[in-house]
Amino acid sequence: MKKHLVLAGGGHAHMMTLSNLHKFVEKGHRVTVIQPSAYHYYSGMGPGMLGKTYRPEEIRFATRHVVEKKGGTFVLGKIARVDQEEKTVALESGETLPFDVISFNVGSHVPQTHIIGDGSDIFTVKPIEKLLEAQQRILDLASRRKITIGIIGGGPSAVEIAGNIWRLVRGDGNHGPEIIIFTSKGLMPDHPQGVRTKAYASLTSRGVKVLEQSRVKEIETGRIRLDSGQEHEIDIIFVAVGVKPSSVFKASGLPTGPDGGLLVNRYLQCTAHPNMFGGGDCIYFEEHPLDKVGVYAVRQNPVLLHNLMAALEGRDLQPFDPGGDYLLIFNLGDGTGIFSKMWLQFGGRAAFIVKDVIDRKFMRKFQAIEYDVLLLFSGRRWFVV
């Protein structure tokens with residue numbers, strides 16, 4: 001009997017499955033993709049979009065278009081709960097969908113526990129498309145008066161957001177804003193000293209203030225309150241305090257790891273329910289925790305593609321190997337970056353160029369699925385064949 005595969009989210013870990021979705025359909029299986037947006041934005045290029053290095057269409061994948069073109073069904077919505085006994089998913093809209101096999105790639109979110117009030121002019125760094133709204137708001141206010149922009153958090157997202165805001169407001173008659181980073185543990189505390197030093201030097205040389213030992217107590221429109229009792233008047237606030245997996249797993253009574261992510265085994269399969277799988281930021285890998293970086297979602301692609309088809313057809317599953325060390329490159333917004341892998345760290349224009357080439361190659365590879373074309377790379381140019 002042919003079965004129904006549901007993909008919850010069309011993120012990085014589901015890209016290969018989406019590109020091969022027609023193979024599931026050709027075998028007689030139904031495929032439904034549920035996502036709160038018709039597009040999936042690549043988070044690695046999000047800060048660059050904020051700073052206008054990239055246009056929105058350069059960093060997004062047309063999920064709905066691809067799903068429907070390849071014979072699947074796209075549902076615009078967000079999952080609220082999963083019922084394993086009934087094998088159904090309930091959406092926030094109230095709609096209920098059945099499944100035989102389901103895979104989660106619903107990403108992560110930035111906690112908003114410190115935000116009080118209506119949250120206007122307060123932006124979390126995820127979802128990525130909200131950065132477009134922030135961009136327009138900054139440009140609108142900066143065209144009229146000098147403003148203050150506060151960024152809460154000291155990790156990579158905070159650094160990249162600060163650097164790209166600086167790029168966004170340069171010239172064009174804008175009033176240069178004051179940019180302040182509020183961090184309780186210092187800048188880039190989980191990274192090598194060389195990375196931390198380069199990030200700090202880059203931002204402060206451009207006038208960005210870094211207030212260390214500044215633990216935030218409350219955030220409301222126009223104001224940040226610290227545990228110390230200090231208050232800062234801020235026009236626009238970005239929250240970049242790290243990410244947490246979707247709360248749908250706990251709400252559904254599914255097994256989770258310490259961070260609330262879906263607990264999966266070496267096959268990226270839910271430890272309690274063999275017809276459930278997952279990848280990316282929303283899972284907790286049982287063998288050992290994985291950092292919340294996109295490289296693992298990319299490495300999970302072929303395993304999920306194989307295992308979802310295998311689960312539908314009763315074949316053997318393939319284990320996931322997280323692999324070794326991975327490369328990190330940070331976009332500082334001024335045409336430079338910071339390259340970090342193992343013992344090697346360097347900054348400057350070359351680091352950004354490497355990141356730009358890698359990111360554009362990744363996007364071209366999967367955006368080509370939208371048009372049913374093959375892209376070949378020769379020298380510095382891509383050719384459609």
# chains A, B, ... in the order shown; residues from 1 in each chain; ligands from 1
$ select_by_dssp --residues "stretch 217-366 of chain A" --states "alpha helix (DSSP H)" --output "ChimeraX atom specification"
/A:248-251,294-313,349-366
$ closest_atom_pairs --of "stretch 155-253 of chain A" --to "stretch 259-268 of chain A" --cutoff "7 Å" --atoms "only C-alpha atoms" --output "Markdown table"
| residue | atom | partner | partner_atom | distance |
| --- | --- | --- | --- | --- |
| A:Lys244 | CA | A:Asp259 | CA | 6.7 |
| A:Pro245 | CA | A:Gly261 | CA | 5.2 |
| A:Ser246 | CA | A:Gly261 | CA | 7.0 |
| A:Ser247 | CA | A:Gly260 | CA | 6.9 |
| A:Phe249 | CA | A:Leu262 | CA | 6.1 |
| A:Lys250 | CA | A:Gly260 | CA | 6.7 |
$ atom_distance --atom1 "atom CA of A:Met363" --atom2 "atom CA of A:Tyr54"
11.9 Å
$ closest_residue --among "A:Leu7, A:Ile181, A:Ala62, A:Val216" --to "A:Arg30" --atoms "only C-alpha atoms"
A:Leu7
$ residues_around --residues "A:Ile116" --least-positions-apart "2" --cutoff "10 Å" --atoms "only C-alpha atoms" --output "list in words"
Gln112, Thr113, His114, Asp118, Gly119, Glu218, Ile219, Glu220 and Thr221 of chain A
$ closest_residue --among "A:Pro156, A:Gly77, A:Gly194, A:Pro56" --to "A:Leu91" --atoms "only C-alpha atoms"
A:Gly77
$ residues_around --residues "A:Arg60" --least-positions-apart "5" --cutoff "6 Å" --atoms "only C-alpha atoms" --output "list in words"
His40, Tyr41 and Tyr42 of chain A
$ write_last_selection --atoms "N, CA, C and O atoms" --output "JSON list (two decimals), in the first residue's frame"
[["chain", "number", "residue", "atom", "x", "y", "z"],
["A", 40, "HIS", "N", 11.86, 29.42, 1.73],
["A", 40, "HIS", "CA", 12.80, 29.15, 2.82],
["A", 40, "HIS", "C", 14.01, 30.03, 2.61],
["A", 40, "HIS", "O", 14.64, 30.02, 1.54],
["A", 41, "TYR", "N", 14.34, 30.83, 3.63],
["A", 41, "TYR", "CA", 15.49, 31.74, 3.55],
["A", 41, "TYR", "C", 16.72, 31.08, 4.17],
["A", 41, "TYR", "O", 16.64, 30.48, 5.24],
["A", 42, "TYR", "N", 17.85, 31.25, 3.50],
["A", 42, "TYR", "CA", 19.11, 30.68, 3.97],
["A", 42, "TYR", "C", 19.69, 31.59, 5.05],
["A", 42, "TYR", "O", 20.09, 32.72, 4.80]]
$ residues_around --residues "A:Val33" --least-positions-apart "3" --cutoff "7 Å" --atoms "only C-alpha atoms" --output "CSV table (one decimal) with N, CA, C and O atoms, in the first residue's frame"
chain,number,residue,atom,x,y,z
A,6,VAL,N,4.9,13.3,5.2
A,6,VAL,CA,4.7,14.7,5.5
A,6,VAL,C,6.1,15.3,5.9
A,6,VAL,O,6.8,14.7,6.7
A,7,LEU,N,6.5,16.3,5.2
A,7,LEU,CA,7.7,17.1,5.6
A,7,LEU,C,7.3,18.3,6.3
A,7,LEU,O,6.6,19.2,5.7
A,8,ALA,N,7.7,18.4,7.6
A,8,ALA,CA,7.3,19.6,8.4
A,8,ALA,C,8.5,20.6,8.2
A,8,ALA,O,9.5,20.5,8.9
A,9,GLY,N,8.4,21.5,7.3
A,9,GLY,CA,9.5,22.5,7.0
A,9,GLY,C,10.3,22.1,5.8
A,9,GLY,O,10.6,20.9,5.6
A,73,THR,N,2.1,18.3,-2.4
A,73,THR,CA,1.1,19.2,-1.9
A,73,THR,C,1.8,20.1,-0.9
A,73,THR,O,2.4,19.7,0.0
A,74,PHE,N,1.6,21.5,-1.1
A,74,PHE,CA,2.2,22.4,-0.2
A,74,PHE,C,1.1,23.0,0.7
A,74,PHE,O,0.0,23.4,0.1
A,75,VAL,N,1.3,23.0,2.0
A,75,VAL,CA,0.3,23.6,2.9
A,75,VAL,C,1.0,24.7,3.6
A,75,VAL,O,2.0,24.5,4.3
$ residues_around --residues "A:Ala199" --least-positions-apart "2" --cutoff "8 Å" --atoms "only C-alpha atoms" --output "PyMOL selection string"
chain A and resi 159+187-188+195-197+201-203+332+338
$ write_last_selection --atoms "C-alpha atoms" --output "PDB file, in the first residue's frame"
ATOM      1  CA  VAL A 159      28.316  40.402  15.589  1.00  0.00           C
ATOM      2  CA  LEU A 187      31.891  39.058  22.544  1.00  0.00           C
ATOM      3  CA  MET A 188      31.993  35.604  20.891  1.00  0.00           C
ATOM      4  CA  VAL A 195      38.169  35.161  16.445  1.00  0.00           C
ATOM      5  CA  ARG A 196      37.038  37.184  19.456  1.00  0.00           C
ATOM      6  CA  THR A 197      39.845  39.722  19.049  1.00  0.00           C
ATOM      7  CA  ALA A 201      38.489  45.168  16.682  1.00  0.00           C
ATOM      8  CA  SER A 202      36.366  45.251  13.525  1.00  0.00           C
ATOM      9  CA  LEU A 203      33.212  46.483  15.237  1.00  0.00           C
ATOM     10  CA  LEU A 332      31.353  41.518   9.303  1.00  0.00           C
ATOM     11  CA  ILE A 338      36.534  36.063   9.916  1.00  0.00           C
TER      12      ILE A 338
END
